[in-house]
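Novice: Data file entry-v3.pdb (PDB, C-alpha atoms, pLDDT in the B column) is appended below.
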ATOM      1  CA  SER A   1      55.060 -56.192-225.217  1.00 79.00           C
ATOM      2  CA  GLU A   2      51.556 -57.256-226.229  1.00 86.00           C
ATOM      3  CA  ALA A   3      52.365 -60.809-225.144  1.00 87.00           C
ATOM      4  CA  GLU A   4      53.583 -59.537-221.754  1.00 88.00           C
ATOM      5  CA  GLU A   5      50.413 -57.473-221.267  1.00 89.00           C
ATOM      6  CA  ALA A   6      48.265 -60.470-222.200  1.00 90.00           C
ATOM      7  CA  GLU A   7      50.234 -62.619-219.790  1.00 90.00           C
ATOM      8  CA  GLN A   8      49.760 -60.059-216.997  1.00 91.00           C
ATOM      9  CA  ARG A   9      46.010 -59.903-217.715  1.00 92.00           C
ATOM     10  CA  VAL A  10      45.820 -63.684-217.583  1.00 93.00           C
ATOM     11  CA  GLN A  11      47.825 -63.702-214.330  1.00 93.00           C
ATOM     12  CA  LYS A  12      45.441 -61.141-212.806  1.00 94.00           C
ATOM     13  CA  GLN A  13      42.429 -63.136-213.959  1.00 93.00           C
ATOM     14  CA  LEU A  14      43.913 -66.309-212.519  1.00 94.00           C
ATOM     15  CA  GLU A  15      44.642 -64.564-209.238  1.00 94.00           C
ATOM     16  CA  GLN A  16      41.120 -63.155-209.113  1.00 93.00           C
ATOM     17  CA  ALA A  17      39.651 -66.581-209.879  1.00 94.00           C
ATOM     18  CA  ARG A  18      41.807 -68.118-207.130  1.00 93.00           C
ATOM     19  CA  GLN A  19      40.623 -65.513-204.625  1.00 93.00           C
ATOM     20  CA  GLU A  20      36.987 -66.050-205.604  1.00 93.00           C
ATOM     21  CA  LEU A  21      37.431 -69.791-205.235  1.00 94.00           C
ATOM     22  CA  GLU A  22      38.964 -69.328-201.774  1.00 93.00           C
ATOM     23  CA  GLN A  23      36.052 -67.099-200.755  1.00 90.00           C
ATOM     24  CA  GLU A  24      33.532 -69.641-201.991  1.00 92.00           C
ATOM     25  CA  GLU A  25      35.382 -72.406-200.163  1.00 90.00           C
ATOM     26  CA  ASP A  26      35.425 -70.341-196.946  1.00 86.00           C
ATOM     27  CA  GLU A  27      31.695 -69.698-197.327  1.00 84.00           C
ATOM     28  CA  TYR A  28      31.058 -73.403-197.900  1.00 85.00           C
ATOM     29  CA  GLN A  29      33.063 -74.329-194.790  1.00 82.00           C
ATOM     30  CA  ARG A  30      31.217 -71.714-192.732  1.00 79.00           C
ATOM     31  CA  LEU A  31      27.844 -73.033-193.886  1.00 83.00           C
ATOM     32  CA  ARG A  32      28.939 -76.611-193.242  1.00 82.00           C
ATOM     33  CA  GLN A  33      30.004 -75.738-189.684  1.00 80.00           C
ATOM     34  CA  GLU A  34      26.747 -73.893-189.035  1.00 83.00           C
ATOM     35  CA  GLU A  35      24.789 -76.896-190.299  1.00 85.00           C
ATOM     36  CA  LEU A  36      26.864 -79.200-188.110  1.00 83.00           C
ATOM     37  CA  LEU A  37      26.271 -77.049-185.018  1.00 82.00           C
ATOM     38  CA  PHE A  38      22.548 -76.983-185.760  1.00 86.00           C
ATOM     39  CA  LYS A  39      22.325 -80.769-186.222  1.00 89.00           C
ATOM     40  CA  ILE A  40      24.400 -81.412-183.106  1.00 88.00           C
ATOM     41  CA  GLY A  41      22.185 -79.051-181.118  1.00 89.00           C
ATOM     42  CA  GLU A  42      19.087 -80.929-182.256  1.00 93.00           C
ATOM     43  CA  GLU A  43      20.701 -84.272-181.475  1.00 93.00           C
ATOM     44  CA  LEU A  44      21.718 -83.107-177.985  1.00 94.00           C
ATOM     45  CA  GLU A  45      18.200 -81.863-177.296  1.00 95.00           C
ATOM     46  CA  ASN A  46      16.900 -85.297-178.260  1.00 96.00           C
ATOM     47  CA  LEU A  47      19.456 -86.976-175.972  1.00 96.00           C
ATOM     48  CA  ALA A  48      18.487 -84.618-173.148  1.00 96.00           C
ATOM     49  CA  ARG A  49      14.819 -85.521-173.645  1.00 97.00           C
ATOM     50  CA  ILE A  50      15.543 -89.273-173.510  1.00 96.00           C
ATOM     51  CA  HIS A  51      17.800 -88.797-170.486  1.00 97.00           C
ATOM     52  CA  GLY A  52      15.083 -86.751-168.761  1.00 97.00           C
ATOM     53  CA  GLU A  53      12.645 -89.613-169.256  1.00 97.00           C
ATOM     54  CA  ALA A  54      15.204 -92.032-167.792  1.00 97.00           C
ATOM     55  CA  MET A  55      15.652 -89.738-164.784  1.00 97.00           C
ATOM     56  CA  THR A  56      11.910 -89.606-164.163  1.00 97.00           C
ATOM     57  CA  GLN A  57      11.626 -93.390-164.412  1.00 97.00           C
ATOM     58  CA  THR A  58      14.566 -93.860-162.048  1.00 96.00           C
ATOM     59  CA  ARG A  59      13.057 -91.542-159.428  1.00 96.00           C
ATOM     60  CA  GLU A  60       9.644 -93.182-159.678  1.00 95.00           C
ATOM     61  CA  LEU A  61      11.116 -96.662-159.465  1.00 94.00           C
ATOM     62  CA  ASP A  62      13.377 -95.769-156.535  1.00 94.00           C
ATOM     63  CA  ALA A  63      10.433 -94.232-154.652  1.00 93.00           C
ATOM     64  CA  LYS A  64       8.604 -97.582-154.874  1.00 92.00           C
ATOM     65  CA  ARG A  65      11.592 -99.612-153.661  1.00 89.00           C
ATOM     66  CA  GLU A  66      12.052-100.454-150.037  1.00 85.00           C
ATOM     67  CA  ALA A  67      15.291 -99.065-148.622  1.00 80.00           C
ATOM     68  CA  GLY A  68      18.045-101.661-148.808  1.00 78.00           C
ATOM     69  CA  ALA A  69      15.777-104.317-150.323  1.00 83.00           C
ATOM     70  CA  ARG A  70      16.614-106.138-153.517  1.00 88.00           C
ATOM     71  CA  PRO A  71      14.405-104.881-156.345  1.00 92.00           C
ATOM     72  CA  SER A  72      11.566-107.048-157.574  1.00 92.00           C
ATOM     73  CA  ARG A  73      11.805-108.776-160.932  1.00 94.00           C
ATOM     74  CA  ALA A  74       9.670-106.051-162.566  1.00 94.00           C
ATOM     75  CA  GLN A  75      11.866-103.358-161.019  1.00 94.00           C
ATOM     76  CA  ARG A  76      15.026-105.118-162.226  1.00 94.00           C
ATOM     77  CA  LEU A  77      13.617-105.280-165.753  1.00 96.00           C
ATOM     78  CA  ALA A  78      12.747-101.583-165.587  1.00 96.00           C
ATOM     79  CA  LEU A  79      16.223-100.732-164.280  1.00 95.00           C
ATOM     80  CA  LYS A  80      17.778-102.841-167.030  1.00 96.00           C
ATOM     81  CA  ARG A  81      15.756-100.899-169.631  1.00 96.00           C
ATOM     82  CA  ILE A  82      16.789 -97.568-168.109  1.00 97.00           C
ATOM     83  CA  ALA A  83      20.426 -98.718-168.053  1.00 97.00           C
ATOM     84  CA  LYS A  84      20.146 -99.670-171.719  1.00 96.00           C
ATOM     85  CA  ASP A  85      18.699 -96.238-172.556  1.00 96.00           C
ATOM     86  CA  GLU A  86      21.526 -94.491-170.686  1.00 96.00           C
ATOM     87  CA  ALA A  87      24.110 -96.685-172.467  1.00 97.00           C
ATOM     88  CA  GLY A  88      22.524 -95.793-175.808  1.00 96.00           C
ATOM     89  CA  ILE A  89      22.702 -92.102-174.986  1.00 96.00           C
ATOM     90  CA  ALA A  90      26.350 -92.548-173.935  1.00 97.00           C
ATOM     91  CA  ALA A  91      27.174 -94.256-177.227  1.00 96.00           C
ATOM     92  CA  ARG A  92      25.474 -91.540-179.269  1.00 95.00           C
ATOM     93  CA  ALA A  93      27.201 -88.831-177.233  1.00 95.00           C
ATOM     94  CA  GLY A  94      30.517 -90.535-178.000  1.00 94.00           C
ATOM     95  CA  GLN A  95      29.715 -90.534-181.725  1.00 93.00           C
ATOM     96  CA  ILE A  96      28.850 -86.838-181.612  1.00 91.00           C
ATOM     97  CA  ALA A  97      32.089 -86.163-179.709  1.00 92.00           C
ATOM     98  CA  ASP A  98      33.999 -87.960-182.474  1.00 91.00           C
ATOM     99  CA  ALA A  99      32.295 -85.772-185.094  1.00 85.00           C
ATOM    100  CA  LEU A 100      33.126 -82.654-183.098  1.00 84.00           C
ATOM    101  CA  GLU A 101      36.713 -83.789-182.705  1.00 87.00           C
ATOM    102  CA  ALA A 102      36.979 -84.201-186.480  1.00 83.00           C
ATOM    103  CA  GLU A 103      35.845 -80.569-186.768  1.00 77.00           C
ATOM    104  CA  GLN A 104      38.462 -79.586-184.160  1.00 77.00           C
ATOM    105  CA  THR A 105      35.936 -78.235-181.672  1.00 78.00           C
ATOM    106  CA  VAL A 106      37.939 -79.182-178.613  1.00 81.00           C
ATOM    107  CA  VAL A 107      35.849 -77.605-175.845  1.00 82.00           C
ATOM    108  CA  PHE A 108      32.564 -79.138-176.992  1.00 86.00           C
ATOM    109  CA  THR A 109      34.303 -82.459-177.618  1.00 90.00           C
ATOM    110  CA  GLU A 110      35.712 -82.714-174.094  1.00 92.00           C
ATOM    111  CA  ALA A 111      32.424 -81.680-172.493  1.00 92.00           C
ATOM    112  CA  LEU A 112      30.556 -84.302-174.485  1.00 93.00           C
ATOM    113  CA  ARG A 113      33.105 -87.011-173.694  1.00 95.00           C
ATOM    114  CA  SER A 114      32.665 -86.238-169.992  1.00 95.00           C
ATOM    115  CA  ILE A 115      28.883 -86.540-170.356  1.00 96.00           C
ATOM    116  CA  ALA A 116      29.280 -89.834-172.248  1.00 96.00           C
ATOM    117  CA  SER A 117      31.518 -91.160-169.472  1.00 96.00           C
ATOM    118  CA  ASP A 118      28.971 -90.233-166.796  1.00 97.00           C
ATOM    119  CA  LEU A 119      26.180 -91.843-168.803  1.00 97.00           C
ATOM    120  CA  GLN A 120      28.213 -95.011-169.198  1.00 96.00           C
ATOM    121  CA  ARG A 121      28.770 -95.056-165.443  1.00 96.00           C
ATOM    122  CA  LEU A 122      25.037 -94.663-164.907  1.00 95.00           C
ATOM    123  CA  SER A 123      24.266 -97.558-167.228  1.00 96.00           C
ATOM    124  CA  VAL A 124      26.566 -99.793-165.181  1.00 96.00           C
ATOM    125  CA  ASP A 125      25.207 -98.621-161.819  1.00 95.00           C
ATOM    126  CA  LEU A 126      21.576 -99.120-162.837  1.00 95.00           C
ATOM    127  CA  ASP A 127      22.158-102.648-164.141  1.00 94.00           C
ATOM    128  CA  GLU A 128      22.986-105.921-162.449  1.00 92.00           C
ATOM    129  CA  SER A 129      26.725-105.165-162.437  1.00 91.00           C
ATOM    130  CA  GLY A 130      25.967-102.066-160.329  1.00 91.00           C
ATOM    131  CA  ASP A 131      23.648-104.049-158.060  1.00 90.00           C
ATOM    132  CA  TRP A 132      20.570-102.297-159.464  1.00 93.00           C
ATOM    133  CA  GLU A 133      21.453 -98.955-157.866  1.00 92.00           C
ATOM    134  CA  SER A 134      18.730 -96.325-158.205  1.00 93.00           C
ATOM    135  CA  GLY A 135      19.258 -94.258-155.079  1.00 92.00           C
ATOM    136  CA  GLU A 136      20.392 -90.764-154.341  1.00 94.00           C
ATOM    137  CA  ARG A 137      23.921 -91.126-155.764  1.00 95.00           C
ATOM    138  CA  VAL A 138      22.626 -92.316-159.143  1.00 95.00           C
ATOM    139  CA  GLN A 139      19.926 -89.675-159.202  1.00 96.00           C
ATOM    140  CA  LEU A 140      22.485 -86.953-158.422  1.00 97.00           C
ATOM    141  CA  LEU A 141      24.699 -88.163-161.251  1.00 97.00           C
ATOM    142  CA  GLN A 142      21.681 -88.151-163.565  1.00 97.00           C
ATOM    143  CA  SER A 143      20.967 -84.561-162.497  1.00 97.00           C
ATOM    144  CA  ASP A 144      24.596 -83.628-163.201  1.00 97.00           C
ATOM    145  CA  VAL A 145      24.333 -85.138-166.678  1.00 97.00           C
ATOM    146  CA  GLU A 146      21.081 -83.279-167.301  1.00 97.00           C
ATOM    147  CA  ARG A 147      22.674 -79.995-166.216  1.00 97.00           C
ATOM    148  CA  ASP A 148      25.800 -80.614-168.316  1.00 96.00           C
ATOM    149  CA  LEU A 149      23.740 -81.495-171.392  1.00 96.00           C
ATOM    150  CA  GLN A 150      21.692 -78.325-170.999  1.00 96.00           C
ATOM    151  CA  GLN A 151      24.831 -76.202-170.590  1.00 95.00           C
ATOM    152  CA  LEU A 152      26.269 -77.747-173.740  1.00 93.00           C
ATOM    153  CA  ILE A 153      23.036 -77.124-175.650  1.00 94.00           C
ATOM    154  CA  ASP A 154      23.024 -73.505-174.465  1.00 94.00           C
ATOM    155  CA  ALA A 155      26.684 -73.080-175.437  1.00 90.00           C
ATOM    156  CA  LEU A 156      25.994 -74.456-178.924  1.00 88.00           C
ATOM    157  CA  LYS A 157      23.051 -72.071-179.331  1.00 89.00           C
ATOM    158  CA  ALA A 158      25.209 -69.159-178.203  1.00 91.00           C
ATOM    159  CA  GLU A 159      27.953 -70.171-180.641  1.00 86.00           C
ATOM    160  CA  ARG A 160      25.472 -70.390-183.515  1.00 84.00           C
ATOM    161  CA  GLN A 161      24.104 -66.960-182.595  1.00 88.00           C
ATOM    162  CA  ARG A 162      27.615 -65.511-182.373  1.00 88.00           C
ATOM    163  CA  ARG A 163      28.437 -66.844-185.831  1.00 82.00           C
ATOM    164  CA  GLU A 164      25.195 -65.491-187.281  1.00 82.00           C
ATOM    165  CA  ASP A 165      25.909 -62.057-185.790  1.00 86.00           C
ATOM    166  CA  GLU A 166      29.465 -62.204-187.091  1.00 83.00           C
ATOM    167  CA  ASN A 167      28.219 -63.064-190.579  1.00 78.00           C
ATOM    168  CA  ARG A 168      25.717 -60.174-190.509  1.00 79.00           C
ATOM    169  CA  GLU A 169      28.512 -57.794-189.509  1.00 80.00           C
ATOM    170  CA  ASP A 170      30.699 -59.145-192.311  1.00 75.00           C
ATOM    171  CA  GLN A 171      27.860 -58.450-194.745  1.00 73.00           C
ATOM    172  CA  GLY A 172      27.300 -54.950-193.334  1.00 71.00           C
ATOM    173  CA  GLN A 173      24.025 -55.730-191.580  1.00 63.00           C
ATOM    174  CA  LYS A 174      23.104 -54.881-188.007  1.00 57.00           C
ATOM    175  CA  PRO A 175      22.231 -57.736-185.611  1.00 53.00           C
ATOM    176  CA  PRO A 176      18.565 -57.734-184.490  1.00 55.00           C
TER
END
Output the structure of this file as structure tokens.
Specialist:
Amino acid sequence: SEAEEAEQRVQKQLEQARQELEQEEDEYQRLRQEELLFKIGEELENLARIHGEAMTQTRELDAKREAGARPSRAQRLALKRIAKDEAGIAARAGQIADALEAEQTVVFTEALRSIASDLQRLSVDLDESGDWESGERVQLLQSDVERDLQQLIDALKAERQRREDENREDQGQKPP
């Protein structure tokens, strides 16, 4: 009977250790996801800043162009640089979407893939293959991308806040 009691104590200790390990693993995963959301938010804000600069340059360049006229060599070089910036943003957005997909964050992933697709389209339109387009259609698409990026940034911030509030409630604290 002593051996059975010892075995039961060991079983309880093992079960308790397993539960503690699961809790620690859950906490680690939660912290990892929070860190990921924070880093992605920062990265998206950086992409939005770069895209905003590209938008400003596109508007300024288009304002200097004569309607229907082929852009000057300097304007073509500027458009090529803007197209390259937009393509770089599209590539980075695709990488972030891949990271989000690995974390199974479907909604954010799809939104970011849509933004990446629009940015890729912009990079083509602004370059030689798009006949150096910088007019209203391109500028509207740039505005759409800017809006979509900001909505995604806001959604990530809201999700981080929701998780923080949820964690405070789990720990018995009131949200501020």
Novice: Considering only C-alpha atoms, can you say which of A:Asp98, A:Phe108, A:Val124, A:Ala3 comes closest to Asp154 (chain A)?
Specialist: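 Ranking A:Asp98, A:Phe108, A:Val124, A:Ala3 by distance to Asp154 (chain A), first place goes to A:Phe108.
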Novice: I'd like the contact shell of Ile82 (chain A) - 10 Å cut-off, only C-alpha atoms, skipping same-chain residues fewer than 3 positions apart - returned as a list in words.
Specialist: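 Listing them by chain and then by number gives Ile50, His51, Glu53, Ala54, Met55, Gln57, Thr58, Arg76, Leu77, Ala78, Leu79, Asp85, Glu86, Ala87, Gly88, Leu122, Ser123, Leu126 and Asp127 of chain A.
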Novice: Store the residues of this selection in a file with C-alpha atoms, as a PDB file, in the coordinates of the input.
Specialist:
ATOM      1  CA  ILE A  50      15.543 -89.273-173.510  1.00 96.00           C
ATOM      2  CA  HIS A  51      17.800 -88.797-170.486  1.00 97.00           C
ATOM      3  CA  GLU A  53      12.645 -89.613-169.256  1.00 97.00           C
ATOM      4  CA  ALA A  54      15.204 -92.032-167.792  1.00 97.00           C
ATOM      5  CA  MET A  55      15.652 -89.738-164.784  1.00 97.00           C
ATOM      6  CA  GLN A  57      11.626 -93.390-164.412  1.00 97.00           C
ATOM      7  CA  THR A  58      14.566 -93.860-162.048  1.00 96.00           C
ATOM      8  CA  ARG A  76      15.026-105.118-162.226  1.00 94.00           C
ATOM      9  CA  LEU A  77      13.617-105.280-165.753  1.00 96.00           C
ATOM     10  CA  ALA A  78      12.747-101.583-165.587  1.00 96.00           C
ATOM     11  CA  LEU A  79      16.223-100.732-164.280  1.00 95.00           C
ATOM     12  CA  ASP A  85      18.699 -96.238-172.556  1.00 96.00           C
ATOM     13  CA  GLU A  86      21.526 -94.491-170.686  1.00 96.00           C
ATOM     14  CA  ALA A  87      24.110 -96.685-172.467  1.00 97.00           C
ATOM     15  CA  GLY A  88      22.524 -95.793-175.808  1.00 96.00           C
ATOM     16  CA  LEU A 122      25.037 -94.663-164.907  1.00 95.00           C
ATOM     17  CA  SER A 123      24.266 -97.558-167.228  1.00 96.00           C
ATOM     18  CA  LEU A 126      21.576 -99.120-162.837  1.00 95.00           C
ATOM     19  CA  ASP A 127      22.158-102.648-164.141  1.00 94.00           C
TER      20      ASP A 127
END
Novice: Which residues fall under the PyMOL selection byres ((chain A and resi 131-141) around 9) in this file, as a tab-separated table (two decimals) with C-alpha atoms, in the frame of the given file?
Specialist:
chain	number	residue	atom	x	y	z
A	55	MET	CA	15.65	-89.74	-164.78
A	58	THR	CA	14.57	-93.86	-162.05
A	59	ARG	CA	13.06	-91.54	-159.43
A	61	LEU	CA	11.12	-96.66	-159.46
A	62	ASP	CA	13.38	-95.77	-156.54
A	63	ALA	CA	10.43	-94.23	-154.65
A	67	ALA	CA	15.29	-99.06	-148.62
A	70	ARG	CA	16.61	-106.14	-153.52
A	71	PRO	CA	14.40	-104.88	-156.34
A	75	GLN	CA	11.87	-103.36	-161.02
A	76	ARG	CA	15.03	-105.12	-162.23
A	79	LEU	CA	16.22	-100.73	-164.28
A	80	LYS	CA	17.78	-102.84	-167.03
A	118	ASP	CA	28.97	-90.23	-166.80
A	119	LEU	CA	26.18	-91.84	-168.80
A	122	LEU	CA	25.04	-94.66	-164.91
A	124	VAL	CA	26.57	-99.79	-165.18
A	125	ASP	CA	25.21	-98.62	-161.82
A	126	LEU	CA	21.58	-99.12	-162.84
A	127	ASP	CA	22.16	-102.65	-164.14
A	128	GLU	CA	22.99	-105.92	-162.45
A	129	SER	CA	26.72	-105.16	-162.44
A	130	GLY	CA	25.97	-102.07	-160.33
A	142	GLN	CA	21.68	-88.15	-163.56
A	143	SER	CA	20.97	-84.56	-162.50
A	144	ASP	CA	24.60	-83.63	-163.20
A	145	VAL	CA	24.33	-85.14	-166.68
A	146	GLU	CA	21.08	-83.28	-167.30
Novice: Which of these residues is nearest to Leu36 (chain A), using only C-alpha atoms: A:Gln104, A:Gln19, A:Ala99, A:Glu164?
Specialist: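 Residue with the minimum atom-to-atom distance to Leu36 (chain A): A:Ala99.
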Novice: Assuming the chain letters and numbering stay as they are in my file, what does the PyMOL selection byres ((chain A and resi 97) around 12) actually select? List them as an NGL selection string.
Specialist: :A and (40 or 43-44 or 90-96 or 98-117 or 152)
Novice: Would you compute the distance between CA of Leu156 (chain A) and CA of Glu27 (chain A)? Give it in Å to one decimal.
Specialist: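 Distance reported for this atom pair: 19.8 Å.
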Novice: If you measure from CA of Lys64 (chain A) to CA of Ala83 (chain A), what distance in Å do you get, rounded to one decimal?
Specialist: 17.7 Å
Novice: So, counting all atoms listed in the file, which residue among A:Ile89, A:Glu4, A:Leu37, A:Leu47 is closest to Glu159 (chain A)?
Specialist: A:Leu37
Novice: Can you tell me how far CA of Gly52 (chain A) sits from CA of Lys84 (chain A), in Å to one decimal?
Specialist: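 Going from CA of Gly52 (chain A) over to CA of Lys84 (chain A) covers 14.2 Å.
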Novice: Using all atoms listed in the file, which residue out of A:Glu35, A:Glu5, A:Glu45, A:Glu24 lies closest to Leu149 (chain A)?
Specialist: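 Result for the nearest residue to Leu149 (chain A): A:Glu45.
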Novice: Using all atoms listed in the file for the distances, tell me which of A:Glu34, A:Arg65, A:Lys39, A:Arg81 is nearest to Gln161 (chain A).
Specialist: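 Of A:Glu34, A:Arg65, A:Lys39, A:Arg81, the one nearest Gln161 (chain A), counting all atoms listed in the file, is A:Glu34.
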Novice: Have a look at A:Leu21, A:Leu14, A:Ala48, A:Asp165 and name the one nearest to Arg147 (chain A); count all atoms listed in the file.
Specialist: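 Using all atoms listed in the file, the shortest distance to Arg147 (chain A) belongs to A:Ala48.
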